[in-house]
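Colleague: Structure file run23.cif (mmCIF, C-alpha atoms) right here:
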data_query
loop_
_atom_site.label_atom_id
_atom_site.label_comp_id
_atom_site.auth_asym_id
_atom_site.auth_seq_id
_atom_site.Cartn_x
_atom_site.Cartn_y
_atom_site.Cartn_z
CA MET B 27 102.83 107.59 103.08
CA ASP B 28 104.31 104.27 102.02
CA ARG B 29 102.57 101.37 103.74
CA ARG B 30 103.72 98.56 101.52
CA ILE B 31 105.17 95.42 103.02
CA GLY B 32 107.54 93.00 101.29
CA ASP B 33 106.47 92.11 97.77
CA ARG B 34 103.05 93.73 98.02
CA ASN B 35 101.78 96.62 95.95
CA ILE B 36 99.25 99.30 96.86
CA LEU B 37 96.31 97.22 95.59
CA ASP B 38 97.41 94.16 97.60
CA GLU B 39 97.70 96.19 100.80
CA PHE B 40 94.35 97.90 100.31
CA THR B 41 92.60 94.61 99.56
CA LEU B 42 94.20 92.71 102.45
CA LYS B 43 93.24 95.42 104.93
CA PHE B 44 89.63 95.48 103.71
CA CYS B 45 89.27 91.69 103.55
CA GLU B 46 90.64 91.26 107.07
CA ILE B 47 87.65 93.24 108.33
CA ALA B 48 85.15 91.59 105.97
CA GLU B 49 86.28 88.16 107.16
CA LYS B 50 85.02 88.93 110.66
CA HIS B 51 81.51 89.80 109.49
CA VAL B 52 80.47 88.08 106.29
CA LYS B 53 81.27 85.50 103.63
CA TYR B 54 82.86 87.41 100.77
CA ILE B 55 84.64 86.85 97.48
CA ILE B 56 86.95 89.02 95.40
CA VAL B 57 86.10 88.73 91.71
CA SER B 58 87.12 89.97 88.27
CA GLY B 59 90.09 92.26 87.49
CA PHE B 60 91.99 91.95 90.74
CA VAL B 61 91.96 88.16 90.35
CA ALA B 62 93.92 88.46 87.10
CA ILE B 63 96.16 91.22 88.47
CA SER B 64 97.09 89.19 91.54
CA HIS B 65 98.14 86.39 89.17
CA GLY B 66 100.70 88.66 87.53
CA ARG B 67 98.63 90.26 84.78
CA LYS B 68 100.43 93.50 83.91
CA ARG B 69 97.72 96.08 84.36
CA THR B 70 96.14 98.03 87.15
CA THR B 71 92.60 98.90 88.21
CA GLU B 72 90.71 101.57 90.13
CA ASP B 73 88.06 99.23 91.53
CA ILE B 74 88.36 95.95 93.33
CA ASP B 75 85.13 93.99 93.20
CA MET B 76 83.75 92.20 96.23
CA ILE B 77 80.52 90.19 96.50
CA ILE B 78 79.15 89.51 99.98
CA GLU B 79 76.31 87.35 101.25
CA ARG B 80 73.11 89.22 101.99
CA MET B 81 72.99 90.33 105.61
CA PRO B 82 70.41 92.11 107.77
CA ARG B 83 70.78 95.80 108.47
CA ASN B 84 71.94 95.32 112.10
CA LYS B 85 74.78 93.01 111.06
CA PHE B 86 75.78 95.27 108.19
CA ILE B 87 76.01 98.25 110.56
CA LEU B 88 78.61 96.37 112.64
CA PHE B 89 80.61 95.59 109.50
CA HIS B 90 80.36 99.17 108.21
CA ASN B 91 81.36 100.63 111.58
CA ASP B 92 84.45 98.41 111.69
CA LEU B 93 85.42 99.66 108.23
CA ILE B 94 85.04 103.27 109.36
CA LYS B 95 87.14 102.58 112.48
CA ALA B 96 89.86 101.09 110.27
CA GLY B 97 90.08 104.27 108.18
CA PHE B 98 87.76 103.61 105.26
CA HIS B 99 84.85 105.76 104.16
CA CYS B 100 81.92 105.08 101.89
CA VAL B 101 82.02 107.24 98.75
CA GLN B 102 78.25 107.50 98.28
CA SER B 103 77.19 108.45 101.81
CA SER B 104 78.38 108.80 105.38
CA LYS B 105 74.98 107.67 106.69
CA THR B 106 74.96 103.96 107.47
CA ASP B 107 71.25 103.56 106.73
CA ASP B 108 71.67 105.12 103.29
CA VAL B 109 74.60 102.84 102.57
CA TYR B 110 72.53 99.79 103.47
CA GLU B 111 69.69 100.99 101.24
CA TYR B 112 72.05 101.12 98.26
CA LEU B 113 73.12 97.55 98.88
CA ASP B 114 69.63 96.26 99.60
CA LYS B 115 68.23 97.57 96.33
CA GLY B 116 71.00 95.85 94.39
CA ASP B 117 73.46 98.72 93.86
CA SER B 118 77.11 98.55 94.76
CA ILE B 119 78.69 100.65 97.47
CA ARG B 120 82.26 101.85 97.29
CA TYR B 121 84.81 102.31 100.05
CA MET B 122 88.06 104.22 99.89
CA ASP B 123 90.92 104.71 102.29
CA ASN B 124 90.66 108.06 104.09
CA ASP B 125 94.26 108.85 103.16
CA SER B 126 93.59 108.67 99.43
CA PHE B 127 92.34 111.40 97.14
CA PHE B 128 90.84 108.83 94.81
CA PRO B 129 91.07 105.08 94.10
CA PRO B 130 91.68 102.28 94.82
CA GLU B 131 88.13 101.61 95.84
CA MET B 132 86.45 98.45 97.10
CA GLU B 133 83.18 98.02 95.23
CA VAL B 134 80.91 95.89 97.37
CA LYS B 135 77.62 94.32 96.38
CA PHE B 136 75.20 91.72 97.72
CA VAL B 137 74.78 88.33 96.10
CA LYS B 138 72.08 88.85 93.52
CA ASP B 139 71.15 85.47 92.06
CA GLU B 140 71.97 81.76 92.06
CA ILE B 141 75.15 82.41 90.06
CA ASP B 142 76.51 84.60 92.85
CA GLU B 143 75.35 82.09 95.45
CA LEU B 144 77.32 79.40 93.64
CA GLN B 145 80.35 81.73 93.42
CA ILE B 146 80.28 82.15 97.19
CA LYS B 147 79.71 78.43 97.76
CA THR B 148 82.70 77.49 95.60
CA ARG B 149 84.97 80.29 96.83
CA THR B 150 88.62 79.48 97.19
CA LYS B 151 91.96 80.78 98.39
CA LEU B 152 94.46 80.93 95.55
CA GLU B 153 97.95 80.07 96.70
CA PHE B 154 99.50 81.40 93.52
CA THR B 155 98.61 84.97 94.54
CA GLY B 156 100.36 84.82 97.91
CA LEU B 157 97.31 86.60 99.35
CA ASP B 158 95.30 85.03 102.16
CA ILE B 159 91.87 86.14 100.97
CA TRP B 160 88.82 84.51 99.39
CA PHE B 161 88.41 84.60 95.62
CA SER B 162 85.74 83.30 93.31
CA SER B 163 87.06 80.26 91.49
CA ILE B 164 89.25 80.60 88.41
CA GLU B 165 86.50 78.89 86.38
CA PHE B 166 83.98 81.56 87.43
CA ASN B 167 86.34 84.39 86.55
CA ILE B 168 87.10 82.93 83.13
CA ALA B 169 83.43 82.24 82.41
CA PHE B 170 82.31 85.77 83.33
CA LYS B 171 85.05 87.39 81.31
CA GLU B 172 84.53 85.23 78.21
CA GLU B 173 80.74 85.04 78.24
CA LEU B 174 79.44 88.24 79.84
CA LEU B 175 82.04 91.02 80.10
CA LYS B 176 83.93 90.41 76.84
CA SER B 177 85.92 93.67 76.54
CA ASP B 178 89.50 93.41 75.22
CA LYS B 179 90.72 93.72 78.80
CA ASP B 180 88.43 90.92 80.01
CA ILE B 181 89.32 88.54 77.18
CA GLU B 182 92.99 89.19 77.92
CA ASP B 183 92.45 88.58 81.65
CA ALA B 184 90.76 85.26 80.83
CA ARG B 185 93.60 84.28 78.49
CA HIS B 186 96.16 85.11 81.16
CA LEU B 187 94.33 82.97 83.76
CA ARG B 188 93.96 80.11 81.26
CA ILE B 189 97.73 80.08 80.74
CA ILE B 190 98.53 80.29 84.47
CA TYR B 191 96.20 77.38 85.26
CA LYS B 192 96.81 75.34 82.06
CA GLY B 193 95.99 71.70 82.77
CA ASN B 194 94.14 72.56 85.99
CA ILE B 195 90.96 74.14 84.69
CA ASN B 196 87.60 72.37 84.87
CA GLU B 197 86.20 73.13 81.41
CA ASP B 198 82.91 71.36 82.16
CA PHE B 199 82.38 73.69 85.10
CA ILE B 200 83.15 76.72 82.91
CA ASP B 201 80.55 75.50 80.39
CA GLU B 202 78.03 75.03 83.20
CA ILE B 203 78.63 78.57 84.48
CA LYS B 204 78.40 80.04 80.98
CA GLU B 205 75.04 78.32 80.53
CA LYS B 206 73.80 79.89 83.76
CA ILE B 207 75.11 83.30 82.64
CA ARG B 208 73.24 83.01 79.34
CA LYS B 209 70.05 82.00 81.13
CA LEU B 210 70.11 84.34 84.13
CA ARG B 211 72.17 87.36 83.09
CA LEU B 212 71.75 87.48 79.32
CA LYS B 213 68.21 86.03 79.36
CA LYS B 214 68.92 83.87 76.28
CA MET G 265 87.32 93.40 68.66
CA MET G 266 90.63 91.95 69.80
CA ARG G 267 93.76 94.08 69.63
CA ASP G 268 96.43 93.05 67.12
CA LYS G 269 98.05 89.63 67.16
CA SER G 270 101.40 90.84 68.52
CA HIS G 271 99.64 92.31 71.56
CA MET G 272 98.12 88.92 72.41
CA GLU G 273 101.43 87.18 71.74
CA ALA G 274 103.19 89.50 74.19
CA LEU G 275 100.47 88.90 76.77
CA GLU G 276 100.76 85.12 76.34
CA SER G 277 104.51 85.22 76.56
CA TRP G 278 104.32 87.19 79.84
CA ALA G 279 101.71 84.78 81.24
CA GLU G 280 103.99 81.84 80.41
CA PHE G 281 106.84 83.62 82.22
CA VAL G 282 104.64 84.16 85.29
CA ARG G 283 103.49 80.54 85.20
CA ASN G 284 107.00 79.14 84.93
CA ASN G 285 108.87 81.34 87.39
CA PRO G 286 108.65 81.95 91.14
CA ARG G 287 106.74 85.00 92.34
CA GLU G 288 109.88 86.98 93.19
CA LYS G 289 110.85 86.89 89.50
CA TRP G 290 107.68 88.59 88.21
CA LYS G 291 105.97 90.30 91.13
CA LYS G 292 108.41 93.21 91.33
CA SER G 293 107.68 94.47 87.83
CA VAL G 294 103.92 94.14 88.38
CA ASN G 295 104.27 96.10 91.63
CA MET G 296 106.31 98.81 89.91
CA LEU G 297 103.61 99.30 87.29
CA ILE G 298 100.77 99.45 89.81
CA ASP G 299 102.54 101.55 92.42
CA ALA G 300 103.97 104.01 89.88
CA THR G 301 100.50 104.53 88.36
CA TYR G 302 99.03 105.35 91.76
CA GLU G 303 101.98 107.49 92.82
CA LYS G 304 101.73 109.55 89.62
CA SER G 305 98.00 110.10 90.01
CA ASN G 306 98.43 111.05 93.66
CA GLU G 307 101.15 113.54 92.73
CA PHE G 308 98.76 115.05 90.21
CA TYR G 309 95.91 115.33 92.75
CA THR G 310 98.29 116.81 95.33
CA ARG G 311 99.33 119.48 92.82
CA LEU G 312 95.69 120.22 92.04
CA GLU G 313 94.91 120.72 95.70
CA LYS G 314 97.41 123.59 95.91
CA THR G 315 95.40 126.03 93.78
CA GLU G 316 91.83 127.27 93.98
CA LYS G 317 91.10 126.18 90.41
CA GLY G 318 92.67 122.80 91.14
CA ARG G 319 90.49 122.34 94.22
CA GLU G 320 87.40 123.10 92.09
CA ILE G 321 88.49 120.42 89.62
CA LEU G 322 89.06 117.94 92.46
CA GLU G 323 85.59 118.64 93.81
CA ARG G 324 84.05 118.02 90.39
CA LEU G 325 86.01 114.77 90.09
CA ARG G 326 84.80 113.68 93.52
CA GLU G 327 81.19 114.47 92.57
CA GLU G 328 81.57 112.38 89.43
CA ARG G 329 82.81 109.45 91.48
CA VAL G 330 79.84 109.67 93.81
CA LYS G 331 77.47 109.73 90.82
CA LYS G 332 79.16 106.63 89.42
CA GLY G 333 77.60 104.55 92.19
#
Could you express the structure from this file as structure tokens?
Modeller:
Amino acid sequence: MDRRIGDRNILDEFTLKFCEIAEKHVKYIIVSGFVAISHGRKRTTEDIDMIIERMPRNKFILFHNDLIKAGFHCVQSSKTDDVYEYLDKGDSIRYMDNDSFFPPEMEVKFVKDEIDELQIKTRTKLEFTGLDIWFSSIEFNIAFKEELLKSDKDIEDARHLRIIYKGNINEDFIDEIKEKIRKLRLKK
Amino acid sequence: MMRDKSHMEALESWAEFVRNNPREKWKKSVNMLIDATYEKSNEFYTRLEKTEKGREILERLREERVKKG
């Protein structure tokens, strides 16, 4: 079934549909690979990463039920309480479209530390992408990819974003984020 | 370790093109890459589903994905 509209690809459509529901329930951000891809990076991905604010079980159930109604299912479990337990103990949960055999998947996790809290606080919509969804800032994405993730793919994503936003990147903010990553994630 | 220099040069050249041109000039080729990848994998999974052995493989793949979480 082809559900694509205009200049959107399968990842755009999947992400827009998911984010439209998330928007009604929780503050969220899309981070990492899809940020680079939606800025024209020529690669694809199986997982789109979403961070959401922590929420109590009763609110999460409403969010989860709306996702189910919209045609998503959780890969790990069909039991809402189990799904919440995964999130609450710091694991990610993954949702797929019922029509798909396999990915794309939305990988959702709770904010886990002050870095994530700052990512949510400084979230932004990125006009360049043509997608009306919330992203973590370009500085956050570059900092994570250069300081923490560091695979070839991540370094290339960061380079791509640096070129797209040349002259509009707050390097001091990137340095500040990298310092936090070293302290809180790398324990240096 | 970074891939060879020409790989990064090609990546930078594409990023410059994206930066300097309107979305309609670059988005189509990105979409083709992404959509074709998904269409090919879905064709493969659809073929697998048609045989008993294929369905066993699909089940194992699904189990692996659940474990990944």
Colleague: Taking only C-alpha atoms into account and nothing else, which residues of chain B lie no more than 9 Å away from chain G? Please answer as a PyMOL selection string.
Modeller: chain B and resi 33-37+63-71+101-103+112+117-120+126-130+154-156+177-178+181-182+185-187+189-191
Colleague: Given the file shown, determine the residues that the PyMOL selection byres ((chain B and resi 205) around 12) selects; report them as a count of residues only.
Modeller: 23
Colleague: Quick one, how far is CA of Ser163 in chain B from CA of Arg149 in chain B?
Modeller: 5.7 Å
Colleague: Have a look at CA of Arg324 in chain G and CA of Arg311 in chain G and let me know their distance in Å, one decimal.
Modeller: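 Separation of CA of Arg324 in chain G and CA of Arg311 in chain G: 15.5 Å.
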Colleague: Of the candidates B:Thr106, B:Asn124, B:Thr41, B:Gln145, which one gets nearest to Ile78 in chain B if we count only C-alpha atoms?
Modeller: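 Among B:Thr106, B:Asn124, B:Thr41, B:Gln145, it is B:Gln145 that comes nearest to Ile78 in chain B.
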Colleague: Output the residue selection produced by the PyMOL selection byres ((chain B and resi 79-83) around 7) on the file above, formatted as JSON, numbers by chain.
Modeller: {"B": [52, 53, 54, 77, 78, 84, 85, 86, 87, 110, 136, 137]}
Colleague: Would you work out the distance separating CA of Asp123 in chain B from CA of His99 in chain B, expressed in Å to one decimal?
Modeller: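 Separation between CA of Asp123 in chain B and CA of His99 in chain B: 6.4 Å.
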Colleague: From (83.3, 104.0, 104.4), in the file's coordinates, out to 6 Å: which residues are reached, counting all atoms listed in the file? Answer as a PyMOL selection string.
Modeller: chain B and resi 94+98-100+121
Colleague: With all atoms listed in the file as the basis for distance, which of B:Asp139, B:Asp92, B:Asp183, B:Glu72 is at the shortest distance from Lys50 in chain B?
Modeller: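 The shortest atom-to-atom distance to Lys50 in chain B comes from B:Asp92.
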Colleague: Tell me, as a PyMOL selection string, which residues lie within 7 Å of Ile146 in chain B, counting only C-alpha atoms; anything in the same chain fewer than 2 positions away does not count.
Modeller: chain B and resi 54-55+142-144+148-149+162
Colleague: Reconstruct all heavy atoms of range 75-86 of chain B; output as a tab-separated table (two decimals), in the frame of the given file.
Modeller:
chain	number	residue	atom	x	y	z
B	75	ASP	N	86.53	94.40	93.07
B	75	ASP	CA	85.13	93.99	93.20
B	75	ASP	C	84.96	92.91	94.24
B	75	ASP	O	85.64	91.87	94.19
B	75	ASP	CB	84.62	93.46	91.85
B	75	ASP	CG	84.69	94.53	90.77
B	75	ASP	OD1	84.03	95.56	90.94
B	75	ASP	OD2	85.43	94.34	89.79
B	76	MET	N	84.03	93.17	95.17
B	76	MET	CA	83.75	92.20	96.23
B	76	MET	C	82.24	91.89	96.24
B	76	MET	O	81.42	92.80	96.17
B	76	MET	CB	84.16	92.77	97.59
B	76	MET	CG	83.76	91.92	98.77
B	76	MET	SD	84.19	92.66	100.37
B	76	MET	CE	85.85	92.04	100.60
B	77	ILE	N	81.92	90.60	96.32
B	77	ILE	CA	80.52	90.19	96.50
B	77	ILE	C	80.40	89.61	97.90
B	77	ILE	O	81.26	88.83	98.33
B	77	ILE	CB	80.10	89.13	95.45
B	77	ILE	CG1	80.22	89.72	94.04
B	77	ILE	CG2	78.68	88.64	95.71
B	77	ILE	CD1	80.00	88.71	92.92
B	78	ILE	N	79.35	90.03	98.62
B	78	ILE	CA	79.15	89.51	99.98
B	78	ILE	C	77.77	88.86	100.08
B	78	ILE	O	76.86	89.21	99.31
B	78	ILE	CB	79.29	90.61	101.07
B	78	ILE	CG1	78.25	91.73	100.87
B	78	ILE	CG2	80.69	91.17	101.07
B	78	ILE	CD1	78.24	92.78	101.99
B	79	GLU	N	77.63	87.94	101.00
B	79	GLU	CA	76.31	87.35	101.25
B	79	GLU	C	75.36	88.43	101.75
B	79	GLU	O	75.79	89.39	102.40
B	79	GLU	CB	76.42	86.27	102.34
B	79	GLU	CG	77.00	84.98	101.83
B	79	GLU	CD	76.84	83.85	102.86
B	79	GLU	OE1	77.01	84.14	104.06
B	79	GLU	OE2	76.55	82.72	102.45
B	80	ARG	N	74.08	88.25	101.46
B	80	ARG	CA	73.11	89.22	101.99
B	80	ARG	C	73.15	89.16	103.51
B	80	ARG	O	73.32	88.09	104.08
B	80	ARG	CB	71.70	88.88	101.50
B	80	ARG	CG	71.52	89.04	100.02
B	80	ARG	CD	70.06	88.99	99.63
B	80	ARG	NE	69.39	90.25	99.93
B	80	ARG	CZ	69.40	91.31	99.12
B	80	ARG	NH1	70.00	91.27	97.96
B	80	ARG	NH2	68.78	92.41	99.47
B	81	MET	N	72.99	90.29	104.15
B	81	MET	CA	72.99	90.33	105.61
B	81	MET	C	71.97	91.35	106.07
B	81	MET	O	71.69	92.33	105.38
B	81	MET	CB	74.39	90.65	106.15
B	81	MET	CG	74.96	91.96	105.71
B	81	MET	SD	76.78	92.05	105.74
B	81	MET	CE	77.18	91.78	107.42
B	82	PRO	N	71.38	91.13	107.26
B	82	PRO	CA	70.41	92.11	107.77
B	82	PRO	C	71.09	93.42	108.13
B	82	PRO	O	72.31	93.46	108.35
B	82	PRO	CB	69.84	91.42	109.00
B	82	PRO	CG	70.83	90.40	109.41
B	82	PRO	CD	71.57	90.00	108.17
B	83	ARG	N	70.27	94.46	108.20
B	83	ARG	CA	70.78	95.80	108.47
B	83	ARG	C	71.66	95.85	109.73
B	83	ARG	O	72.74	96.44	109.72
B	83	ARG	CB	69.59	96.75	108.63
B	83	ARG	CG	69.96	98.22	108.75
B	83	ARG	CD	68.71	99.05	108.99
B	83	ARG	NE	67.78	98.95	107.90
B	83	ARG	CZ	67.69	99.82	106.89
B	83	ARG	NH1	68.47	100.88	106.87
B	83	ARG	NH2	66.81	99.66	105.92
B	84	ASN	N	71.19	95.21	110.83
B	84	ASN	CA	71.94	95.32	112.10
B	84	ASN	C	73.34	94.71	111.99
B	84	ASN	O	74.30	95.25	112.53
B	84	ASN	CB	71.14	94.71	113.26
B	84	ASN	CG	70.84	93.24	113.05
B	84	ASN	OD1	70.74	92.76	111.93
B	84	ASN	ND2	70.71	92.51	114.13
B	85	LYS	N	73.45	93.62	111.24
B	85	LYS	CA	74.78	93.01	111.06
B	85	LYS	C	75.64	93.86	110.14
B	85	LYS	O	76.85	94.00	110.35
B	85	LYS	CB	74.65	91.60	110.48
B	85	LYS	CG	74.24	90.57	111.50
B	85	LYS	CD	74.56	89.18	110.99
B	85	LYS	CE	74.36	88.18	112.11
B	85	LYS	NZ	74.69	86.81	111.69
B	86	PHE	N	75.01	94.43	109.11
B	86	PHE	CA	75.78	95.27	108.19
B	86	PHE	C	76.34	96.49	108.92
B	86	PHE	O	77.48	96.92	108.66
B	86	PHE	CB	74.92	95.73	107.00
B	86	PHE	CG	75.66	96.71	106.14
B	86	PHE	CD1	76.68	96.29	105.29
B	86	PHE	CD2	75.39	98.07	106.23
B	86	PHE	CE1	77.40	97.20	104.54
B	86	PHE	CE2	76.12	98.99	105.48
B	86	PHE	CZ	77.12	98.56	104.62
